[in-house]
file start.csv (CSV, C-alpha atoms)
chain,number,residue,atom,x,y,z
A,1,MET,CA,0.0,0.0,0.0
A,2,ARG,CA,1.3,3.4,-0.9
A,3,PRO,CA,1.8,5.7,2.1
A,4,SER,CA,-0.3,8.8,2.4
A,5,PRO,CA,1.3,12.2,2.0
A,6,HIS,CA,0.9,12.7,5.8
A,7,HIS,CA,2.7,9.5,6.6
A,8,ALA,CA,5.4,10.3,4.0
A,9,ARG,CA,6.0,13.7,5.5
A,10,ARG,CA,6.2,12.2,9.0
A,11,ALA,CA,8.7,9.6,7.8
A,12,ARG,CA,10.9,12.3,6.2
A,13,GLY,CA,10.6,14.4,9.4
A,14,LEU,CA,11.8,11.4,11.5
A,15,LEU,CA,14.6,10.7,9.1
A,16,GLY,CA,15.7,14.3,9.2
A,17,ALA,CA,15.7,14.4,13.0
A,18,LEU,CA,17.7,11.1,13.0
A,19,LEU,CA,20.3,12.5,10.6
A,20,THR,CA,20.6,15.7,12.6
A,21,SER,CA,21.2,13.6,15.8
A,22,LEU,CA,23.9,11.5,14.0
A,23,VAL,CA,25.7,14.6,12.7
A,24,SER,CA,25.6,16.1,16.2
A,25,LEU,CA,26.9,12.9,17.7
A,26,ALA,CA,29.7,12.7,15.1
A,27,ALA,CA,30.8,16.3,15.9
A,28,LEU,CA,30.8,15.5,19.6
A,29,LEU,CA,33.0,12.4,19.1
A,30,THR,CA,35.3,14.4,16.9
A,31,THR,CA,35.8,17.3,19.4
A,32,ALA,CA,35.5,15.5,22.8
A,33,PRO,CA,38.6,14.1,24.3
A,34,VAL,CA,38.8,10.3,24.2
A,35,ALA,CA,39.8,8.6,27.4
A,36,GLN,CA,42.8,6.2,27.1
A,37,ALA,CA,41.9,2.7,28.1
A,38,ASP,CA,44.2,0.8,30.5
A,39,THR,CA,46.3,-1.8,28.8
A,40,THR,CA,46.5,-5.3,30.2
A,41,ILE,CA,49.6,-7.4,29.5
A,42,CYS,CA,49.8,-11.2,30.2
A,43,GLN,CA,52.7,-12.1,27.9
A,44,PRO,CA,55.8,-13.0,29.9
A,45,PHE,CA,57.9,-10.1,28.4
A,46,GLY,CA,55.1,-8.0,27.1
A,47,THR,CA,55.5,-4.2,27.2
A,48,THR,CA,53.7,-0.9,26.5
A,49,THR,CA,54.5,2.8,26.9
A,50,ILE,CA,52.9,5.4,29.2
A,51,GLN,CA,53.0,9.2,29.2
A,52,GLY,CA,54.9,8.8,25.9
A,53,ARG,CA,58.2,8.4,27.8
A,54,TYR,CA,58.3,5.4,30.0
A,55,VAL,CA,58.1,1.6,29.3
A,56,VAL,CA,55.9,-0.7,31.5
A,57,GLN,CA,57.0,-4.4,31.3
A,58,ASN,CA,55.5,-7.6,32.7
A,59,ASN,CA,58.9,-9.2,32.9
A,60,ARG,CA,57.9,-12.7,34.1
A,61,TRP,CA,60.9,-15.0,33.9
A,62,GLY,CA,61.1,-17.2,37.1
A,63,THR,CA,57.9,-19.2,36.7
A,64,SER,CA,55.5,-20.5,34.1
A,65,ALA,CA,52.5,-19.4,36.1
A,66,THR,CA,50.3,-16.6,34.7
A,67,GLN,CA,51.1,-13.0,35.6
A,68,CYS,CA,49.1,-10.1,34.2
A,69,ILE,CA,49.7,-6.4,34.8
A,70,THR,CA,47.5,-3.4,33.7
A,71,ALA,CA,49.3,-0.3,32.6
A,72,THR,CA,47.6,3.0,33.6
A,73,ASP,CA,48.2,6.6,32.6
A,74,SER,CA,50.7,7.0,35.5
A,75,GLY,CA,51.9,3.5,36.3
A,76,PHE,CA,50.7,0.0,36.5
A,77,ARG,CA,49.0,-2.6,38.8
A,78,VAL,CA,49.4,-6.4,39.1
A,79,THR,CA,46.0,-7.9,38.3
A,80,GLN,CA,47.0,-11.6,38.3
A,81,ALA,CA,49.9,-13.3,40.0
A,82,ASP,CA,49.6,-17.1,40.1
A,83,GLY,CA,52.1,-19.5,41.5
A,84,SER,CA,55.0,-19.1,43.9
A,85,VAL,CA,58.7,-19.9,44.2
A,86,PRO,CA,60.9,-20.6,47.2
A,87,THR,CA,61.7,-17.5,49.2
A,88,ASN,CA,65.4,-18.5,49.6
A,89,GLY,CA,65.9,-18.2,45.9
A,90,ALA,CA,65.3,-15.8,43.1
A,91,PRO,CA,61.9,-14.0,42.7
A,92,LYS,CA,59.5,-15.1,39.9
A,93,SER,CA,59.4,-11.8,38.1
A,94,TYR,CA,60.0,-8.0,38.1
A,95,PRO,CA,56.9,-6.2,36.8
A,96,SER,CA,58.1,-2.6,36.5
A,97,VAL,CA,58.2,0.8,34.7
A,98,TYR,CA,61.4,2.3,33.5
A,99,ASN,CA,63.3,5.2,31.9
A,100,GLY,CA,66.3,4.1,29.8
A,101,CYS,CA,67.2,0.9,28.1
A,102,HIS,CA,66.4,-2.7,29.0
A,103,TYR,CA,67.5,-5.6,26.7
A,104,THR,CA,67.5,-3.2,23.6
A,105,ASN,CA,64.1,-1.8,24.4
A,106,CYS,CA,64.7,1.9,25.1
A,107,SER,CA,62.0,4.2,26.5
A,108,PRO,CA,60.9,7.0,24.1
A,109,GLY,CA,63.0,10.1,24.1
A,110,THR,CA,65.4,8.9,26.9
A,111,ASN,CA,68.8,10.4,27.2
A,112,LEU,CA,70.2,7.2,28.7
A,113,PRO,CA,72.7,5.7,28.7
A,114,ALA,CA,74.6,8.7,30.2
A,115,GLN,CA,78.0,8.9,31.7
A,116,LEU,CA,77.9,9.5,35.4
A,117,SER,CA,80.4,12.4,35.3
A,118,THR,CA,78.1,14.3,32.9
A,119,ILE,CA,74.9,14.0,35.1
A,120,SER,CA,74.2,16.9,37.4
A,121,SER,CA,71.1,15.4,38.9
A,122,ALA,CA,68.6,12.6,38.2
A,123,PRO,CA,65.4,13.5,40.1
A,124,SER,CA,62.8,10.8,40.4
A,125,GLY,CA,59.5,10.3,42.1
A,126,ILE,CA,57.7,7.0,43.0
A,127,SER,CA,54.4,6.1,44.7
A,128,TYR,CA,53.7,2.5,45.6
A,129,GLY,CA,50.6,0.5,46.5
A,130,PHE,CA,51.2,-2.4,48.8
A,131,VAL,CA,49.5,-5.7,49.8
A,132,ASN,CA,50.0,-8.0,52.8
A,133,ASP,CA,49.0,-11.4,51.4
A,134,ALA,CA,52.2,-12.0,49.4
A,135,ALA,CA,56.0,-12.3,49.7
A,136,TYR,CA,57.7,-9.5,47.7
A,137,ASN,CA,59.9,-6.5,47.8
A,138,ALA,CA,59.1,-3.1,46.4
A,139,SER,CA,62.3,-2.5,44.5
A,140,TYR,CA,63.7,0.6,42.7
A,141,ASP,CA,66.6,-0.6,40.4
A,142,ILE,CA,69.4,1.6,39.1
A,143,TRP,CA,71.7,0.0,36.5
A,144,LEU,CA,75.3,1.0,35.9
A,145,ASP,CA,77.9,-0.3,33.3
A,146,PRO,CA,81.4,0.6,32.1
A,147,THR,CA,80.0,0.9,28.6
A,148,PRO,CA,76.9,2.7,27.2
A,149,ARG,CA,75.2,-0.7,26.5
A,150,THR,CA,71.5,-1.0,25.8
A,151,ASP,CA,71.3,-4.8,25.8
A,152,GLY,CA,71.9,-7.6,28.3
A,153,VAL,CA,73.0,-7.4,32.0
A,154,ASN,CA,74.9,-4.5,33.3
A,155,ARG,CA,77.9,-4.7,35.6
A,156,THR,CA,76.3,-3.2,38.8
A,157,GLU,CA,72.7,-3.2,40.0
A,158,ILE,CA,71.7,-0.8,42.8
A,159,MET,CA,68.5,-1.9,44.5
A,160,ILE,CA,66.5,0.4,46.8
A,161,TRP,CA,64.1,-1.8,48.9
A,162,PHE,CA,61.2,0.5,49.7
A,163,ASN,CA,59.3,-2.3,51.4
A,164,LYS,CA,59.6,-6.1,52.0
A,165,VAL,CA,57.0,-8.6,53.0
A,166,GLY,CA,57.8,-12.2,53.9
A,167,SER,CA,60.9,-14.1,54.6
A,168,ILE,CA,63.1,-12.7,51.9
A,169,GLN,CA,66.4,-10.9,51.9
A,170,PRO,CA,68.8,-9.1,49.5
A,171,ILE,CA,71.6,-10.7,47.6
A,172,GLY,CA,74.8,-11.0,49.6
A,173,SER,CA,75.2,-10.0,53.2
A,174,PRO,CA,74.8,-6.8,55.3
A,175,VAL,CA,77.8,-4.5,55.3
A,176,GLY,CA,76.6,-1.7,57.6
A,177,ASN,CA,74.3,1.3,57.5
A,178,ALA,CA,74.3,4.5,55.5
A,179,THR,CA,72.4,7.8,55.3
A,180,VAL,CA,71.4,8.5,51.7
A,181,GLY,CA,68.9,11.1,50.5
A,182,GLY,CA,68.3,12.1,54.1
A,183,ARG,CA,67.1,8.6,55.0
A,184,ASP,CA,68.8,5.7,56.9
A,185,TRP,CA,69.3,2.4,55.2
A,186,GLN,CA,70.7,-1.0,55.9
A,187,VAL,CA,73.3,-1.8,53.2
A,188,TRP,CA,73.8,-5.2,51.6
A,189,SER,CA,76.4,-6.2,49.0
A,190,GLY,CA,76.9,-9.3,46.9
A,191,ASN,CA,76.9,-10.9,43.5
A,192,ASN,CA,74.1,-12.9,41.9
A,193,GLY,CA,76.4,-14.7,39.5
A,194,GLY,CA,75.8,-12.2,36.7
A,195,ASN,CA,76.4,-8.8,38.2
A,196,ASP,CA,77.3,-7.0,41.4
A,197,VAL,CA,74.3,-6.0,43.6
A,198,LEU,CA,74.3,-3.1,46.1
A,199,SER,CA,71.0,-3.0,48.1
A,200,PHE,CA,69.7,-0.3,50.4
A,201,VAL,CA,66.9,-1.6,52.6
A,202,ALA,CA,64.5,0.7,54.4
A,203,PRO,CA,63.9,0.0,58.1
A,204,SER,CA,60.1,0.4,57.5
A,205,ALA,CA,57.9,0.7,54.4
A,206,ILE,CA,58.2,3.9,52.3
A,207,SER,CA,55.0,4.3,50.2
A,208,SER,CA,56.2,7.4,48.2
A,209,TRP,CA,59.4,9.5,47.9
A,210,ASN,CA,61.1,12.1,45.7
A,211,PHE,CA,64.9,11.7,45.5
A,212,ASP,CA,68.0,12.1,43.4
A,213,VAL,CA,69.1,8.8,41.8
A,214,MET,CA,72.7,10.2,41.7
A,215,ASP,CA,72.9,10.0,45.5
A,216,PHE,CA,72.8,6.2,45.2
A,217,ALA,CA,75.0,6.1,42.2
A,218,ARG,CA,77.7,8.0,44.1
A,219,GLN,CA,77.4,5.4,46.9
A,220,ALA,CA,78.3,2.7,44.4
A,221,VAL,CA,81.3,4.7,43.2
A,222,SER,CA,82.5,5.3,46.8
A,223,ARG,CA,82.2,1.6,47.5
A,224,GLY,CA,84.3,0.6,44.5
A,225,LEU,CA,81.3,-0.9,42.6
A,226,ALA,CA,81.3,1.8,39.8
A,227,GLN,CA,83.4,4.6,38.5
A,228,ASN,CA,82.5,8.2,37.4
A,229,ASN,CA,83.3,7.3,33.8
A,230,TRP,CA,80.7,4.5,33.9
A,231,TYR,CA,77.2,4.9,32.5
A,232,LEU,CA,73.7,5.0,34.0
A,233,THR,CA,71.7,2.9,31.6
A,234,SER,CA,68.2,2.7,33.2
A,235,VAL,CA,66.2,3.4,36.3
A,236,GLN,CA,63.3,1.1,37.1
A,237,ALA,CA,60.6,0.9,39.7
A,238,GLY,CA,58.5,-2.2,40.4
A,239,PHE,CA,58.2,-5.3,42.5
A,240,GLU,CA,59.9,-8.7,42.9
A,241,PRO,CA,57.2,-11.1,44.0
A,242,TRP,CA,58.0,-14.6,45.3
A,243,GLN,CA,54.4,-15.5,46.3
A,244,ASN,CA,51.2,-14.1,45.0
A,245,GLY,CA,51.3,-10.3,44.4
A,246,ALA,CA,48.0,-9.4,42.9
A,247,GLY,CA,47.0,-5.8,43.9
A,248,LEU,CA,50.6,-4.5,44.0
A,249,ALA,CA,50.8,-1.1,42.2
A,250,VAL,CA,53.1,1.6,41.1
A,251,ASN,CA,50.6,4.5,41.3
A,252,SER,CA,53.0,7.0,39.7
A,253,PHE,CA,56.6,7.2,38.5
A,254,SER,CA,58.8,10.0,37.1
A,255,SER,CA,62.4,10.1,36.1
A,256,THR,CA,64.5,12.9,34.7
A,257,VAL,CA,68.2,12.9,34.0
A,258,ASN,CA,69.8,16.4,33.9
A,259,LYS,CA,73.2,16.6,32.2
A,260,GLY,CA,75.9,19.2,32.1
A,261,GLY,CA,74.9,21.2,35.1
A,262,SER,CA,71.8,22.6,33.5
A,263,SER,CA,68.1,21.7,33.4
A,264,GLY,CA,64.9,22.9,32.0
A,265,ASP,CA,63.1,22.1,35.2
A,266,PRO,CA,62.6,25.0,37.6
A,267,GLY,CA,64.3,24.6,41.0
A,268,THR,CA,67.0,22.1,39.8
A,269,PRO,CA,70.7,23.1,39.7
A,270,GLY,CA,71.7,25.1,36.7
A,271,GLY,CA,74.0,27.7,35.3
A,272,SER,CA,77.7,27.9,34.8
A,273,THR,CA,79.6,25.3,36.9
A,274,ALA,CA,83.2,26.4,36.7
A,275,CYS,CA,84.3,26.3,40.3
A,276,LYS,CA,86.9,26.3,43.0
A,277,VAL,CA,86.7,24.7,46.4
A,278,ALA,CA,88.6,25.5,49.6
A,279,TYR,CA,88.4,22.8,52.3
A,280,ALA,CA,89.7,24.0,55.7
A,281,ALA,CA,89.7,21.2,58.3
A,282,SER,CA,90.7,21.0,62.0
A,283,ALA,CA,91.3,17.4,63.2
A,284,TRP,CA,91.9,15.8,66.6
A,285,GLN,CA,91.9,12.3,67.9
A,286,GLY,CA,88.6,10.8,67.0
A,287,GLY,CA,87.0,13.9,65.4
A,288,PHE,CA,87.2,16.8,63.0
A,289,THR,CA,85.5,19.9,61.7
A,290,ALA,CA,85.5,21.2,58.1
A,291,ASP,CA,84.7,24.5,56.5
A,292,VAL,CA,84.0,24.4,52.8
A,293,THR,CA,84.0,27.4,50.5
A,294,ILE,CA,82.7,27.2,47.0
A,295,THR,CA,83.6,29.9,44.5
A,296,ASN,CA,81.8,30.2,41.2
A,297,THR,CA,84.7,30.9,38.7
A,298,GLY,CA,82.3,30.8,35.7
A,299,THR,CA,80.9,33.8,33.8
A,300,SER,CA,77.2,33.3,34.7
A,301,ALA,CA,75.3,32.7,37.8
A,302,VAL,CA,74.5,29.3,39.3
A,303,SER,CA,71.0,29.0,40.6
A,304,GLY,CA,70.9,26.1,43.1
A,305,TRP,CA,74.0,24.0,43.7
A,306,LYS,CA,75.0,20.5,44.7
A,307,LEU,CA,78.6,19.7,45.7
A,308,GLY,CA,79.7,16.1,45.5
A,309,PHE,CA,82.7,14.6,47.3
A,310,THR,CA,83.8,11.4,48.9
A,311,LEU,CA,84.9,11.3,52.6
A,312,PRO,CA,88.0,9.2,53.2
A,313,SER,CA,87.6,5.9,54.9
A,314,GLY,CA,86.9,6.1,58.7
A,315,GLN,CA,85.3,9.5,58.6
A,316,GLN,CA,81.6,10.1,59.3
A,317,ILE,CA,79.6,13.4,59.5
A,318,THR,CA,77.5,13.9,62.6
A,319,SER,CA,76.2,17.4,62.1
A,320,ALA,CA,76.3,20.2,59.4
A,321,TRP,CA,75.4,23.9,58.9
A,322,ASN,CA,74.5,26.1,55.9
A,323,ALA,CA,73.9,23.0,53.7
A,324,ASN,CA,71.6,20.0,53.4
A,325,LEU,CA,73.7,16.8,53.3
A,326,SER,CA,72.9,13.5,51.6
A,327,GLY,CA,75.1,10.8,52.9
A,328,SER,CA,77.2,10.9,56.1
A,329,SER,CA,80.1,8.7,55.0
A,330,GLY,CA,81.6,7.6,51.7
A,331,ALA,CA,79.9,9.5,48.9
A,332,VAL,CA,78.4,12.8,50.2
A,333,THR,CA,76.3,15.4,48.4
A,334,ALA,CA,75.9,18.9,50.0
A,335,SER,CA,73.1,21.1,48.5
A,336,ASN,CA,72.3,24.7,49.2
A,337,VAL,CA,69.8,25.9,51.8
A,338,SER,CA,67.3,28.7,51.1
A,339,HIS,CA,69.7,31.6,51.8
A,340,ASN,CA,72.8,30.6,49.8
A,341,GLY,CA,71.5,28.9,46.6
A,342,GLN,CA,72.4,31.8,44.3
A,343,LEU,CA,76.1,31.9,43.2
A,344,THR,CA,76.8,35.0,41.1
A,345,ALA,CA,79.8,35.0,38.8
A,346,GLY,CA,82.7,35.2,41.2
A,347,GLY,CA,80.4,34.7,44.2
A,348,GLN,CA,80.9,32.3,47.1
A,349,ALA,CA,78.9,30.0,49.4
A,350,THR,CA,80.3,28.5,52.6
A,351,PHE,CA,79.1,25.6,54.7
A,352,GLY,CA,80.6,23.3,57.3
A,353,PHE,CA,80.2,20.0,59.2
A,354,GLN,CA,81.6,18.1,62.2
A,355,GLY,CA,82.3,14.4,62.3
A,356,THR,CA,84.1,11.5,63.8
A,357,SER,CA,87.3,9.9,62.4
A,358,SER,CA,89.6,7.0,62.9
A,359,GLY,CA,93.1,6.4,61.7
A,360,THR,CA,95.2,9.1,59.9
A,361,PHE,CA,93.0,12.1,58.9
A,362,THR,CA,93.0,13.1,55.3
A,363,LYS,CA,90.9,15.5,53.1
A,364,PRO,CA,88.7,14.5,50.2
A,365,SER,CA,90.6,14.2,47.0
A,366,GLY,CA,88.1,15.9,44.7
A,367,PHE,CA,84.9,17.9,44.4
A,368,ASN,CA,82.3,18.4,41.7
A,369,LEU,CA,79.7,21.2,41.5
A,370,ASN,CA,76.5,20.2,39.7
A,371,GLY,CA,78.4,17.4,38.0
A,372,THR,CA,81.5,19.4,37.0
A,373,ALA,CA,84.9,18.9,38.6
A,374,CYS,CA,86.2,21.8,40.6
A,375,THR,CA,89.8,23.0,41.2
A,376,ILE,CA,91.0,22.8,44.8
A,377,ALA,CA,92.2,26.0,46.4

call {"tool": "encode", "arguments": {"input": "start.csv", "output": "structure tokens"}}
result
Amino acid sequence: MRPSPHHARRARGLLGALLTSLVSLAALLTTAPVAQADTTICQPFGTTTIQGRYVVQNNRWGTSATQCITATDSGFRVTQADGSVPTNGAPKSYPSVYNGCHYTNCSPGTNLPAQLSTISSAPSGISYGFVNDAAYNASYDIWLDPTPRTDGVNRTEIMIWFNKVGSIQPIGSPVGNATVGGRDWQVWSGNNGGNDVLSFVAPSAISSWNFDVMDFARQAVSRGLAQNNWYLTSVQAGFEPWQNGAGLAVNSFSSTVNKGGSSGDPGTPGGSTACKVAYAASAWQGGFTADVTITNTGTSAVSGWKLGFTLPSGQQITSAWNANLSGSSGAVTASNVSHNGQLTAGGQATFGFQGTSSGTFTKPSGFNLNGTACTIA
């Protein structure tokens, strides 16, 4: 039956309204931001990228049981972690996020590998989510090698244990305690058969922290496990699970490597780094004091400074003034306080500290300001 003119007009009207709605919807889809879906990875060595600059990896190698992680905009979470391995051996995996290069897979836009002597600072931030029904550590890994390699195993691995749950322990044996980044750590040293491992174990869980990776790299140098002409190849944050692990999360991760004493980030050390250091010490049996004067011998101002040096064996700092200190023995980094952070061309900053000593007293053999070696007055 042929439709009446009324029905035909009504049909055309409904069709027109539908077309108008479809056009409006298409315009909305074109202009509205599209939320990025989380990416789930179950392949043993599957990876993805986040923020356009970091790699998230499943990295399951110690078990055939299923492990799945879900990458988010800012980190990842472990969504499935089947099986377990003995806690007196190696973990079953290392789900993690990293800046740098790992077995030829380099993160987008990274400036790693980078020689330690060229790095003025390497600020990083990490926020973890923990669980209790598992055996694991929350491990931040720093990899160092004599060559700028992007593949395979590096010579030295620095591990920062932010948390540990269960009857697990670092590789090697405890070798003492150290203050690094303003925190106290139990230090372990050993070798896993493929590389040296230097571990810093927190006395209690740390769920989030902002710190300078170079503070730990300098510890490795001071302990003879690296040299200043070695390369930082990657920094990684994740978990080593032995049992279970579902629910563990890296909520957020950031990593930047500033080279040559300058940075585009506000508040980080920058400017000319030509410098001279005067180190005046007064020593007695069992103790000493030191006054340190930094002179900017460059032609431009330095805005924010960090002075790195290594205390000779047997010396330990107990108090300081006019500077914030990272490390109290071995590798030490002194950074400015609020009133002395600006060094004009030819300008000076002075700070000091007191400490204990054993054996023959000697002075540090070298200093670097924002990563650049200074002359000694």

call {"tool": "closest_residue", "arguments": {"input": "start.csv", "among": "A:Phe351, A:Asn154, A:Gly181, A:Thr233", "to": "A:His339", "atoms": "all atoms listed in the file"}}
result
A:Phe351

call {"tool": "atom_distance", "arguments": {"input": "start.csv", "atom1": "atom CA of A:Ile69", "atom2": "atom CA of A:Pro91"}}
result
16.4 Å

call {"tool": "residues_near_point", "arguments": {"input": "start.csv", "point": "(76.9, -10.4, 41.6)", "cutoff": "9 Å", "atoms": "all atoms listed in the file", "output": "ChimeraX atom specification"}}
result
/A:155-157,171-172,189-198

call {"tool": "closest_residue", "arguments": {"input": "start.csv", "among": "A:Val337, A:Ile158, A:Val165, A:Leu116", "to": "A:Thr372", "atoms": "only C-alpha atoms"}}
result
A:Leu116

call {"tool": "residues_around", "arguments": {"input": "start.csv", "residues": "A:Ala134", "least_positions_apart": "6", "cutoff": "10 Å", "atoms": "all atoms listed in the file", "output": "VMD selection string"}}
result
chain A and resid 81 84 164 to 166 241 to 248
